[in-house]
file structure.cif (mmCIF, C-alpha atoms and all ligand atoms)
data_input
#
loop_
_atom_site.group_PDB
_atom_site.id
_atom_site.type_symbol
_atom_site.label_atom_id
_atom_site.label_comp_id
_atom_site.auth_asym_id
_atom_site.auth_seq_id
_atom_site.Cartn_x
_atom_site.Cartn_y
_atom_site.Cartn_z
ATOM 1 C CA MET A 324 28.924 -2.755 27.973
ATOM 2 C CA LYS A 325 27.678 0.237 29.967
ATOM 3 C CA VAL A 326 23.927 0.781 29.532
ATOM 4 C CA ILE A 327 22.371 4.156 30.365
ATOM 5 C CA ASP A 328 18.599 4.344 30.748
ATOM 6 C CA LEU A 329 17.665 7.950 29.954
ATOM 7 C CA THR A 330 14.788 9.576 31.791
ATOM 8 C CA PRO A 331 12.210 10.803 31.199
ATOM 9 C CA ARG A 332 11.307 8.539 28.316
ATOM 10 C CA GLY A 333 8.237 6.714 27.022
ATOM 11 C CA TYR A 334 4.540 7.360 27.441
ATOM 12 C CA CYS A 335 3.334 10.945 27.782
ATOM 13 C CA HIS A 336 0.025 12.022 29.338
ATOM 14 C CA GLY A 337 -1.648 12.408 25.915
ATOM 15 C CA VAL A 338 -0.850 8.824 24.953
ATOM 16 C CA LEU A 339 -1.972 7.462 28.336
ATOM 17 C CA VAL A 340 -5.331 9.240 28.006
ATOM 18 C CA ALA A 341 -5.828 7.962 24.438
ATOM 19 C CA LEU A 342 -4.991 4.358 25.370
ATOM 20 C CA ALA A 343 -7.287 4.491 28.405
ATOM 21 C CA MET A 344 -10.100 5.726 26.170
ATOM 22 C CA VAL A 345 -9.777 2.797 23.753
ATOM 23 C CA LYS A 346 -9.590 0.300 26.643
ATOM 24 C CA LYS A 347 -12.729 1.805 28.178
ATOM 25 C CA VAL A 348 -14.650 1.452 24.897
ATOM 26 C CA ILE A 349 -13.492 -2.172 24.561
ATOM 27 C CA LYS A 350 -14.748 -2.955 28.071
ATOM 28 C CA THR A 351 -18.056 -1.070 27.758
ATOM 29 C CA GLU A 352 -20.570 -3.138 25.832
ATOM 30 C CA SER A 353 -22.993 -0.243 25.382
ATOM 31 C CA TYR A 354 -20.618 1.376 22.865
ATOM 32 C CA PRO A 355 -21.869 0.233 19.428
ATOM 33 C CA ARG A 356 -19.679 -2.246 17.566
ATOM 34 C CA PRO A 357 -17.477 -2.354 15.564
ATOM 35 C CA ILE A 358 -14.971 -0.041 17.219
ATOM 36 C CA TYR A 359 -12.997 2.039 14.733
ATOM 37 C CA ILE A 360 -9.995 4.285 15.250
ATOM 38 C CA LEU A 361 -9.607 6.957 12.581
ATOM 39 C CA GLY A 362 -5.865 6.477 12.005
ATOM 40 C CA GLN A 363 -3.499 4.901 14.549
ATOM 41 C CA ILE A 364 -4.534 5.900 18.085
ATOM 42 C CA VAL A 365 -0.860 6.786 18.630
ATOM 43 C CA HIS A 366 1.935 6.105 16.173
ATOM 44 C CA ASN A 367 3.006 2.641 17.254
ATOM 45 C CA SER A 368 2.165 -0.427 15.167
ATOM 46 C CA LYS A 369 2.579 -2.793 18.147
ATOM 47 C CA ILE A 370 -0.219 -0.947 19.972
ATOM 48 C CA THR A 371 -2.377 -1.016 16.838
ATOM 49 C CA LYS A 372 -1.863 -4.792 16.546
ATOM 50 C CA ALA A 373 -2.593 -5.327 20.242
ATOM 51 C CA PHE A 374 -5.926 -3.491 19.906
ATOM 52 C CA GLU A 375 -6.702 -5.551 16.785
ATOM 53 C CA THR A 376 -6.747 -8.640 19.001
ATOM 54 C CA TYR A 377 -9.791 -7.063 20.689
ATOM 55 C CA GLY A 378 -11.461 -6.456 17.329
ATOM 56 C CA VAL A 379 -10.596 -2.744 17.166
ATOM 57 C CA ILE A 380 -10.205 -1.624 13.545
ATOM 58 C CA SER A 381 -7.600 1.092 12.950
ATOM 59 C CA LEU A 382 -8.350 2.775 9.625
ATOM 60 C CA ASP A 383 -4.967 3.864 8.388
ATOM 61 C CA GLN A 384 -5.031 4.441 4.663
ATOM 62 C CA PRO A 385 -2.008 6.382 3.385
ATOM 63 C CA GLY A 386 -2.995 9.246 1.109
ATOM 64 C CA LYS A 387 -6.553 9.397 2.480
ATOM 65 C CA SER A 388 -7.752 12.179 4.739
ATOM 66 C CA ARG A 389 -9.598 11.567 8.018
ATOM 67 C CA LEU A 390 -12.792 12.768 6.300
ATOM 68 C CA GLU A 391 -12.349 10.288 3.435
ATOM 69 C CA MET A 392 -11.697 7.430 5.859
ATOM 70 C CA LEU A 393 -14.774 8.367 7.880
ATOM 71 C CA GLU A 394 -16.929 7.954 4.756
ATOM 72 C CA THR A 395 -16.157 4.222 4.792
ATOM 73 C CA ILE A 396 -17.867 3.833 8.208
ATOM 74 C CA ASP A 397 -21.643 3.373 8.426
ATOM 75 C CA HIS A 398 -22.149 2.212 11.988
ATOM 76 C CA GLY A 399 -20.290 1.557 15.228
ATOM 77 C CA THR A 400 -18.083 3.693 17.459
ATOM 78 C CA VAL A 401 -15.323 5.914 16.088
ATOM 79 C CA ILE A 402 -12.384 7.128 18.159
ATOM 80 C CA PHE A 403 -10.417 10.165 16.969
ATOM 81 C CA THR A 404 -6.698 9.954 17.701
ATOM 82 C CA ALA A 405 -4.398 11.929 20.014
ATOM 83 C CA HIS A 406 -3.109 13.919 17.000
ATOM 84 C CA GLY A 407 -6.254 16.030 16.721
ATOM 85 C CA ILE A 408 -9.286 16.130 14.474
ATOM 86 C CA SER A 409 -10.965 18.826 12.400
ATOM 87 C CA LYS A 410 -14.424 20.219 13.122
ATOM 88 C CA GLN A 411 -15.530 19.019 9.665
ATOM 89 C CA VAL A 412 -14.820 15.388 10.610
ATOM 90 C CA ILE A 413 -16.642 15.725 13.933
ATOM 91 C CA GLU A 414 -19.676 17.260 12.172
ATOM 92 C CA ARG A 415 -19.683 14.505 9.560
ATOM 93 C CA ALA A 416 -19.571 11.834 12.275
ATOM 94 C CA LYS A 417 -22.607 13.504 13.875
ATOM 95 C CA ASP A 418 -24.442 13.654 10.512
ATOM 96 C CA LYS A 419 -23.793 9.956 10.015
ATOM 97 C CA GLY A 420 -25.255 9.179 13.433
ATOM 98 C CA LEU A 421 -22.022 7.582 14.618
ATOM 99 C CA THR A 422 -21.020 7.334 18.262
ATOM 100 C CA TYR A 423 -17.663 9.050 18.543
ATOM 101 C CA LEU A 424 -15.003 9.817 21.170
ATOM 102 C CA ASN A 425 -12.225 12.329 20.814
ATOM 103 C CA ALA A 426 -8.760 11.406 22.182
ATOM 104 C CA THR A 427 -7.109 14.636 21.012
ATOM 105 C CA CYS A 428 -4.285 15.509 23.415
ATOM 106 C CA ARG A 429 -4.794 18.691 25.436
ATOM 107 C CA ASP A 430 -1.462 20.047 24.103
ATOM 108 C CA VAL A 431 -2.707 19.661 20.541
ATOM 109 C CA LEU A 432 -5.994 21.348 21.480
ATOM 110 C CA LYS A 433 -3.962 24.262 22.826
ATOM 111 C CA VAL A 434 -2.474 24.814 19.343
ATOM 112 C CA HIS A 435 -5.954 24.644 17.776
ATOM 113 C CA LYS A 436 -7.137 27.342 20.183
ATOM 114 C CA ALA A 437 -4.094 29.561 19.538
ATOM 115 C CA VAL A 438 -4.625 29.355 15.762
ATOM 116 C CA GLU A 439 -8.356 30.002 16.120
ATOM 117 C CA GLN A 440 -7.646 33.066 18.267
ATOM 118 C CA LYS A 441 -5.095 34.527 15.859
ATOM 119 C CA LEU A 442 -7.377 33.906 12.875
ATOM 120 C CA SER A 443 -10.094 35.857 14.653
ATOM 121 C CA GLU A 444 -7.588 38.717 15.213
ATOM 122 C CA GLY A 445 -6.907 38.894 11.480
ATOM 123 C CA PHE A 446 -3.459 37.258 11.454
ATOM 124 C CA GLU A 447 -2.047 35.281 8.549
ATOM 125 C CA ILE A 448 -1.035 31.871 9.946
ATOM 126 C CA ILE A 449 2.144 29.977 9.101
ATOM 127 C CA TYR A 450 2.242 26.456 10.543
ATOM 128 C CA ILE A 451 5.482 24.439 10.706
ATOM 129 C CA GLY A 452 4.971 20.673 10.659
ATOM 130 C CA HIS A 453 5.492 17.385 8.878
ATOM 131 C CA ARG A 454 3.768 16.625 5.594
ATOM 132 C CA ASN A 455 1.287 13.734 5.688
ATOM 133 C CA HIS A 456 1.108 13.777 9.486
ATOM 134 C CA PRO A 457 -2.392 13.871 11.020
ATOM 135 C CA GLU A 458 -1.609 16.772 13.369
ATOM 136 C CA PRO A 459 -1.171 19.348 10.558
ATOM 137 C CA GLU A 460 -4.183 17.885 8.734
ATOM 138 C CA ALA A 461 -6.556 19.019 11.493
ATOM 139 C CA ILE A 462 -4.922 22.475 11.730
ATOM 140 C CA LEU A 463 -4.938 23.096 7.983
ATOM 141 C CA ALA A 464 -8.636 22.206 7.830
ATOM 142 C CA MET A 465 -9.354 25.213 10.077
ATOM 143 C CA ASP A 466 -8.825 27.689 7.256
ATOM 144 C CA PRO A 467 -7.737 27.154 3.632
ATOM 145 C CA LYS A 468 -5.499 30.236 3.900
ATOM 146 C CA ILE A 469 -3.180 28.720 6.549
ATOM 147 C CA TYR A 470 0.327 28.420 5.104
ATOM 148 C CA PHE A 471 2.033 25.078 5.753
ATOM 149 C CA VAL A 472 5.836 24.839 5.789
ATOM 150 C CA GLU A 473 8.055 21.876 6.536
ATOM 151 C CA ASP A 474 11.507 23.340 5.883
ATOM 152 C CA GLU A 475 13.464 26.388 4.710
ATOM 153 C CA LYS A 476 12.644 25.649 1.067
ATOM 154 C CA ASP A 477 8.910 25.913 1.801
ATOM 155 C CA ALA A 478 9.508 29.078 3.833
ATOM 156 C CA LEU A 479 11.352 30.721 0.937
ATOM 157 C CA LEU A 480 8.280 30.165 -1.255
ATOM 158 C CA LEU A 481 5.922 32.016 1.122
ATOM 159 C CA PRO A 482 4.345 35.044 -0.640
ATOM 160 C CA ASN A 483 6.089 38.412 -0.250
ATOM 161 C CA GLU A 484 2.784 40.266 0.168
ATOM 162 C CA LEU A 485 2.468 38.834 3.701
ATOM 163 C CA LYS A 486 5.104 41.355 4.814
ATOM 164 C CA ASP A 487 2.380 43.999 5.014
ATOM 165 C CA ARG A 488 0.112 41.742 7.104
ATOM 166 C CA LYS A 489 0.090 40.498 10.683
ATOM 167 C CA VAL A 490 1.868 37.109 10.633
ATOM 168 C CA PHE A 491 1.547 34.425 13.311
ATOM 169 C CA VAL A 492 3.849 31.390 13.266
ATOM 170 C CA THR A 493 3.330 28.212 15.238
ATOM 171 C CA ASN A 494 4.205 24.533 14.961
ATOM 172 C CA GLN A 495 3.465 20.834 15.400
ATOM 173 C CA THR A 496 3.881 19.660 19.009
ATOM 174 C CA THR A 497 6.453 16.935 18.323
ATOM 175 C CA LEU A 498 9.121 18.843 16.379
ATOM 176 C CA SER A 499 12.555 19.799 17.684
ATOM 177 C CA MET A 500 13.840 23.373 18.007
ATOM 178 C CA TYR A 501 16.384 22.497 15.290
ATOM 179 C CA ASP A 502 13.545 22.012 12.770
ATOM 180 C CA ILE A 503 11.932 25.255 13.794
ATOM 181 C CA GLU A 504 14.998 27.495 14.052
ATOM 182 C CA SER A 505 16.051 27.007 10.445
ATOM 183 C CA VAL A 506 12.541 27.863 9.220
ATOM 184 C CA LEU A 507 12.245 30.857 11.560
ATOM 185 C CA LYS A 508 15.482 32.319 10.175
ATOM 186 C CA VAL A 509 13.893 32.483 6.720
ATOM 187 C CA ILE A 510 10.593 33.811 8.065
ATOM 188 C CA GLU A 511 12.405 36.532 10.002
ATOM 189 C CA THR A 512 14.066 37.864 6.863
ATOM 190 C CA LYS A 513 10.736 37.927 5.007
ATOM 191 C CA TYR A 514 8.410 39.193 7.773
ATOM 192 C CA PRO A 515 10.526 40.756 10.566
ATOM 193 C CA ALA A 516 7.449 41.641 12.670
ATOM 194 C CA TYR A 517 6.129 38.066 12.847
ATOM 195 C CA VAL A 518 4.740 36.707 16.116
ATOM 196 C CA PHE A 519 5.889 33.208 17.135
ATOM 197 C CA ASP A 520 4.296 30.788 19.575
ATOM 198 C CA ASN A 521 6.441 27.704 20.207
ATOM 199 C CA GLU A 522 4.075 24.773 20.692
ATOM 200 C CA ILE A 523 6.551 21.900 21.087
ATOM 201 C CA CYS A 524 4.819 20.113 23.960
ATOM 202 C CA ASN A 525 6.429 19.688 27.353
ATOM 203 C CA ALA A 526 6.634 15.880 27.009
ATOM 204 C CA THR A 527 8.583 16.229 23.743
ATOM 205 C CA THR A 528 10.825 18.951 25.204
ATOM 206 C CA VAL A 529 11.853 17.076 28.359
ATOM 207 C CA ARG A 530 12.580 13.859 26.435
ATOM 208 C CA GLN A 531 14.752 15.803 23.976
ATOM 209 C CA GLU A 532 16.527 17.606 26.837
ATOM 210 C CA ALA A 533 17.387 14.260 28.462
ATOM 211 C CA VAL A 534 19.017 13.232 25.179
ATOM 212 C CA MET A 535 20.914 16.519 24.866
ATOM 213 C CA GLN A 536 22.181 16.455 28.459
ATOM 214 C CA GLN A 537 23.320 12.833 28.576
ATOM 215 C CA GLU A 538 26.937 11.907 29.181
ATOM 216 C CA PRO A 539 28.902 10.988 26.042
ATOM 217 C CA VAL A 540 28.118 7.472 24.778
ATOM 218 C CA ASP A 541 29.123 5.452 21.719
ATOM 219 C CA LEU A 542 25.588 4.668 20.594
ATOM 220 C CA MET A 543 22.031 5.698 21.440
ATOM 221 C CA LEU A 544 19.052 3.434 20.802
ATOM 222 C CA VAL A 545 15.673 5.146 20.442
ATOM 223 C CA VAL A 546 12.819 2.701 20.873
ATOM 224 C CA GLY A 547 9.870 3.852 18.780
ATOM 225 C CA ASP A 548 7.909 3.441 15.598
ATOM 226 C CA GLN A 549 9.205 4.717 12.247
ATOM 227 C CA MET A 550 5.925 6.667 11.974
ATOM 228 C CA SER A 551 6.374 8.365 15.349
ATOM 229 C CA SER A 552 7.427 11.987 14.889
ATOM 230 C CA ASN A 553 8.703 12.437 18.448
ATOM 231 C CA SER A 554 10.743 9.191 18.326
ATOM 232 C CA ASN A 555 12.390 10.261 15.078
ATOM 233 C CA LYS A 556 13.182 13.621 16.656
ATOM 234 C CA LEU A 557 14.940 11.978 19.628
ATOM 235 C CA ALA A 558 17.316 10.213 17.232
ATOM 236 C CA PHE A 559 17.755 13.442 15.253
ATOM 237 C CA VAL A 560 18.482 15.533 18.361
ATOM 238 C CA GLY A 561 21.047 12.968 19.582
ATOM 239 C CA MET A 562 22.930 13.153 16.309
ATOM 240 C CA LYS A 563 22.613 16.915 15.853
ATOM 241 C CA ASN A 564 23.392 18.033 19.421
ATOM 242 C CA GLN A 565 25.754 15.406 20.789
ATOM 243 C CA HIS A 566 26.915 13.816 17.520
ATOM 244 C CA ILE A 567 25.909 10.466 18.981
ATOM 245 C CA GLN A 568 25.323 7.690 16.522
ATOM 246 C CA SER A 569 21.592 6.973 16.974
ATOM 247 C CA LYS A 570 19.390 4.082 15.816
ATOM 248 C CA LEU A 571 15.592 4.024 15.832
ATOM 249 C CA ILE A 572 14.333 0.523 16.627
ATOM 250 C CA SER A 573 10.758 -0.692 17.052
ATOM 251 C CA GLY A 574 11.861 -3.261 19.655
ATOM 252 C CA VAL A 575 14.600 -5.670 20.717
ATOM 253 C CA GLU A 576 14.106 -7.693 17.516
ATOM 254 C CA ASP A 577 15.466 -4.798 15.402
ATOM 255 C CA ILE A 578 18.840 -4.820 17.132
ATOM 256 C CA ASP A 579 21.804 -5.669 14.934
ATOM 257 C CA LEU A 580 24.582 -7.196 17.053
ATOM 258 C CA SER A 581 27.255 -5.782 14.737
ATOM 259 C CA TRP A 582 26.451 -2.326 16.211
ATOM 260 C CA PHE A 583 28.075 -3.412 19.493
ATOM 261 C CA LYS A 584 31.288 -4.772 18.003
ATOM 262 C CA ASP A 585 33.542 -1.835 18.838
ATOM 263 C CA ILE A 586 31.608 0.086 21.454
ATOM 264 C CA GLU A 587 31.676 0.317 25.240
ATOM 265 C CA SER A 588 28.542 2.302 26.091
ATOM 266 C CA VAL A 589 24.967 2.624 24.893
ATOM 267 C CA SER A 590 22.095 4.830 26.035
ATOM 268 C CA VAL A 591 18.405 4.047 25.602
ATOM 269 C CA THR A 592 15.404 6.316 25.293
ATOM 270 C CA SER A 593 11.952 5.910 23.797
ATOM 271 C CA GLY A 594 9.279 7.969 22.107
ATOM 272 C CA ALA A 595 6.123 9.165 23.842
ATOM 273 C CA SER A 596 4.069 6.491 22.075
ATOM 274 C CA THR A 597 6.358 3.530 22.827
ATOM 275 C CA PRO A 598 4.979 0.862 25.184
ATOM 276 C CA THR A 599 7.011 0.640 28.406
ATOM 277 C CA ALA A 600 7.299 -3.158 28.148
ATOM 278 C CA VAL A 601 8.944 -2.854 24.721
ATOM 279 C CA THR A 602 11.628 -0.457 26.000
ATOM 280 C CA GLU A 603 12.205 -2.529 29.139
ATOM 281 C CA GLU A 604 12.800 -5.621 27.008
ATOM 282 C CA VAL A 605 15.490 -3.732 25.073
ATOM 283 C CA ILE A 606 17.192 -2.556 28.281
ATOM 284 C CA LYS A 607 17.059 -6.031 29.809
ATOM 285 C CA PHE A 608 18.692 -7.514 26.718
ATOM 286 C CA LEU A 609 21.448 -4.883 26.682
ATOM 287 C CA LYS A 610 22.226 -5.355 30.382
ATOM 288 C CA HIS A 611 22.687 -9.111 29.905
ATOM 289 C CA TYR A 612 24.480 -8.876 26.599
ATOM 290 C CA ASP A 613 28.072 -10.088 26.604
ATOM 291 C CA LYS A 614 30.063 -9.855 23.373
ATOM 292 C CA LYS A 615 31.933 -13.023 24.243
ATOM 293 C CA ASP A 616 28.986 -15.129 25.354
ATOM 294 C CA PRO A 617 26.690 -16.327 22.506
ATOM 295 C CA LYS A 618 24.155 -17.450 25.116
ATOM 296 C CA THR A 619 23.321 -13.752 25.655
ATOM 297 C CA TRP A 620 22.839 -12.914 21.987
ATOM 298 C CA ASP A 621 19.230 -14.007 21.459
ATOM 299 C CA HIS A 622 17.225 -10.845 20.784
ATOM 300 C CA GLU A 623 13.934 -12.202 19.631
ATOM 301 C CA SER A 624 11.051 -10.473 21.411
ATOM 302 C CA LYS A 625 9.268 -12.673 23.948
ATOM 303 C CA LEU A 626 6.499 -10.146 24.536
ATOM 304 C CA ASP A 627 2.919 -11.192 24.032
ATOM 305 C CA LEU A 628 0.861 -8.521 22.231
ATOM 306 C CA LEU A 629 -1.336 -8.271 25.306
ATOM 307 C CA ASP A 630 1.709 -7.435 27.515
ATOM 308 C CA ILE A 631 1.994 -4.286 25.481
ATOM 309 C CA LEU A 632 -1.262 -2.642 26.547
HETATM 310 S S1 LIG A 701 3.673 13.951 22.431
HETATM 311 FE FE1 LIG A 701 2.892 15.834 23.370
HETATM 312 S S2 LIG A 701 1.237 16.499 22.027
HETATM 313 FE FE2 LIG A 701 1.662 14.356 21.502
HETATM 314 S S3 LIG A 701 0.231 13.185 22.735
HETATM 315 FE FE3 LIG A 701 2.119 13.361 23.935
HETATM 316 S S4 LIG A 701 1.841 15.175 25.260
HETATM 317 FE FE4 LIG A 701 0.317 15.257 23.620
#
call {"tool": "encode", "arguments": {"input": "structure.cif", "output": "structure tokens"}}
result
Amino acid sequence: MKVIDLTPRGYCHGVLVALAMVKKVIKTESYPRPIYILGQIVHNSKITKAFETYGVISLDQPGKSRLEMLETIDHGTVIFTAHGISKQVIERAKDKGLTYLNATCRDVLKVHKAVEQKLSEGFEIIYIGHRNHPEPEAILAMDPKIYFVEDEKDALLLPNELKDRKVFVTNQTTLSMYDIESVLKVIETKYPAYVFDNEICNATTVRQEAVMQQEPVDLMLVVGDQMSSNSNKLAFVGMKNQHIQSKLISGVEDIDLSWFKDIESVSVTSGASTPTAVTEEVIKFLKHYDKKDPKTWDHESKLDLLDIL
């Protein structure tokens, strides 16, 4: 079977900075213990588990806001994740006397600044993102009047009176242009004079472009966590642009051998929060895999959690 390793793939600069920050806190005894992460440092449960082995507690409570999770912490060090954090949470951490570090990615900070600027210029803000994702949470906390939309249906419900106002539209960093274009079409009909700032980050863009420009293959495997927005988008872009059958797998253990029954070629990519060792294990398995040789069929992961960091 032909195996194509797409590039670029895997860790982006924002993830590398966030992981380095957690490792530094682990190694530096002067940071008060316990060490908490408010959410998952990046959306990958293997990384979360690996940090757990060092006693790092990732507070990830579905349905609870960052502010609510922070209230459960009385002492120690808190790390805010790459997805961004609101000023209210930072202030509350200060009030509580907690030591805190902020791993917000510089590309996410850029969106915060753009929204802040447009608010100060009197614009109405429409933000396109994913519900229940931490990145929109921090943006929406900036002003209760920011309009959040996920899809065309949400866009259709935006109030008509905005047509007489200055409207600024921007988006979550890990979306695809497909998500945004359909929403923009609706916005354009409602507020033709809107101003748009595309904030899909460069790391997300170049990984999606590699998927779109690949040679035709029978199957694409995207290595990444179900929670990872950019990993999900790689699979989505593969199906939408190239009509390639795409599977999102968290690692080699998720492979189903029946996928390879009638195919001759497979490509592999990975999300920006996927550990390199996890993707390399998938590629190694695929390169050795032989449909006719059961000795090559074992796809249990041999990675130690500590190999992941
Ligand atoms: S995917 Fe983009 S925005 Fe998210 S951490 Fe990486 S570089 Fe930053």
call {"tool": "residues_near_ligand", "arguments": {"input": "structure.cif", "ligand": "ligand LIG 701 (chain A)", "cutoff": "8 Å", "atoms": "all atoms listed in the file", "output": "PyMOL selection string"}}
result
chain A and resi 334-338+365+405-406+427-431+496-497+523-527+553+595-596
call {"tool": "write_last_selection", "arguments": {"input": "structure.cif", "atoms": "C-alpha atoms", "output": "PDB file, in the frame of the given file"}}
result
ATOM      1  CA  TYR A 334       4.540   7.360  27.441  1.00  0.00           C
ATOM      2  CA  CYS A 335       3.334  10.945  27.782  1.00  0.00           C
ATOM      3  CA  HIS A 336       0.025  12.022  29.338  1.00  0.00           C
ATOM      4  CA  GLY A 337      -1.648  12.408  25.915  1.00  0.00           C
ATOM      5  CA  VAL A 338      -0.850   8.824  24.953  1.00  0.00           C
ATOM      6  CA  VAL A 365      -0.860   6.786  18.630  1.00  0.00           C
ATOM      7  CA  ALA A 405      -4.398  11.929  20.014  1.00  0.00           C
ATOM      8  CA  HIS A 406      -3.109  13.919  17.000  1.00  0.00           C
ATOM      9  CA  THR A 427      -7.109  14.636  21.012  1.00  0.00           C
ATOM     10  CA  CYS A 428      -4.285  15.509  23.415  1.00  0.00           C
ATOM     11  CA  ARG A 429      -4.794  18.691  25.436  1.00  0.00           C
ATOM     12  CA  ASP A 430      -1.462  20.047  24.103  1.00  0.00           C
ATOM     13  CA  VAL A 431      -2.707  19.661  20.541  1.00  0.00           C
ATOM     14  CA  THR A 496       3.881  19.660  19.009  1.00  0.00           C
ATOM     15  CA  THR A 497       6.453  16.935  18.323  1.00  0.00           C
ATOM     16  CA  ILE A 523       6.551  21.900  21.087  1.00  0.00           C
ATOM     17  CA  CYS A 524       4.819  20.113  23.960  1.00  0.00           C
ATOM     18  CA  ASN A 525       6.429  19.688  27.353  1.00  0.00           C
ATOM     19  CA  ALA A 526       6.634  15.880  27.009  1.00  0.00           C
ATOM     20  CA  THR A 527       8.583  16.229  23.743  1.00  0.00           C
ATOM     21  CA  ASN A 553       8.703  12.437  18.448  1.00  0.00           C
ATOM     22  CA  ALA A 595       6.123   9.165  23.842  1.00  0.00           C
ATOM     23  CA  SER A 596       4.069   6.491  22.075  1.00  0.00           C
TER      24      SER A 596
END
call {"tool": "atom_distance", "arguments": {"input": "structure.cif", "atom1": "atom CA of A:Leu609", "atom2": "atom CA of A:Lys372"}}
result
25.4 Å
call {"tool": "atom_distance", "arguments": {"input": "structure.cif", "atom1": "atom CA of A:Leu507", "atom2": "atom CA of A:Gly561"}}
result
21.5 Å
call {"tool": "closest_residue", "arguments": {"input": "structure.cif", "among": "A:Lys369, A:Glu458, A:Pro355, A:Ser409", "to": "A:Asp397", "atoms": "all atoms listed in the file"}}
result
A:Pro355
call {"tool": "closest_atom_pairs", "arguments": {"input": "structure.cif", "of": "stretch 361-403 of chain A", "to": "stretch 464-486 of chain A", "cutoff": "12 Å", "atoms": "all atoms listed in the file", "output": "JSON lines"}}
result
{"residue": "A:Ser388", "atom": "CA", "partner": "A:Ala464", "partner_atom": "CA", "distance": 10.5}
{"residue": "A:Arg389", "atom": "CA", "partner": "A:Ala464", "partner_atom": "CA", "distance": 10.7}
{"residue": "A:Leu390", "atom": "CA", "partner": "A:Ala464", "partner_atom": "CA", "distance": 10.4}
call {"tool": "resolve_selection", "arguments": {"input": "structure.cif", "expression": "the PyMOL selection byres (((chain A and resi 436-453) around 6) and not hetatm)", "output": "list in words"}}
result
Lys433, Val434, His435, Arg454, His456, Ile469, Tyr470, Phe471, Val472, Glu473, Lys489, Val490, Phe491, Val492, Thr493, Asn494 and Gln495 of chain A
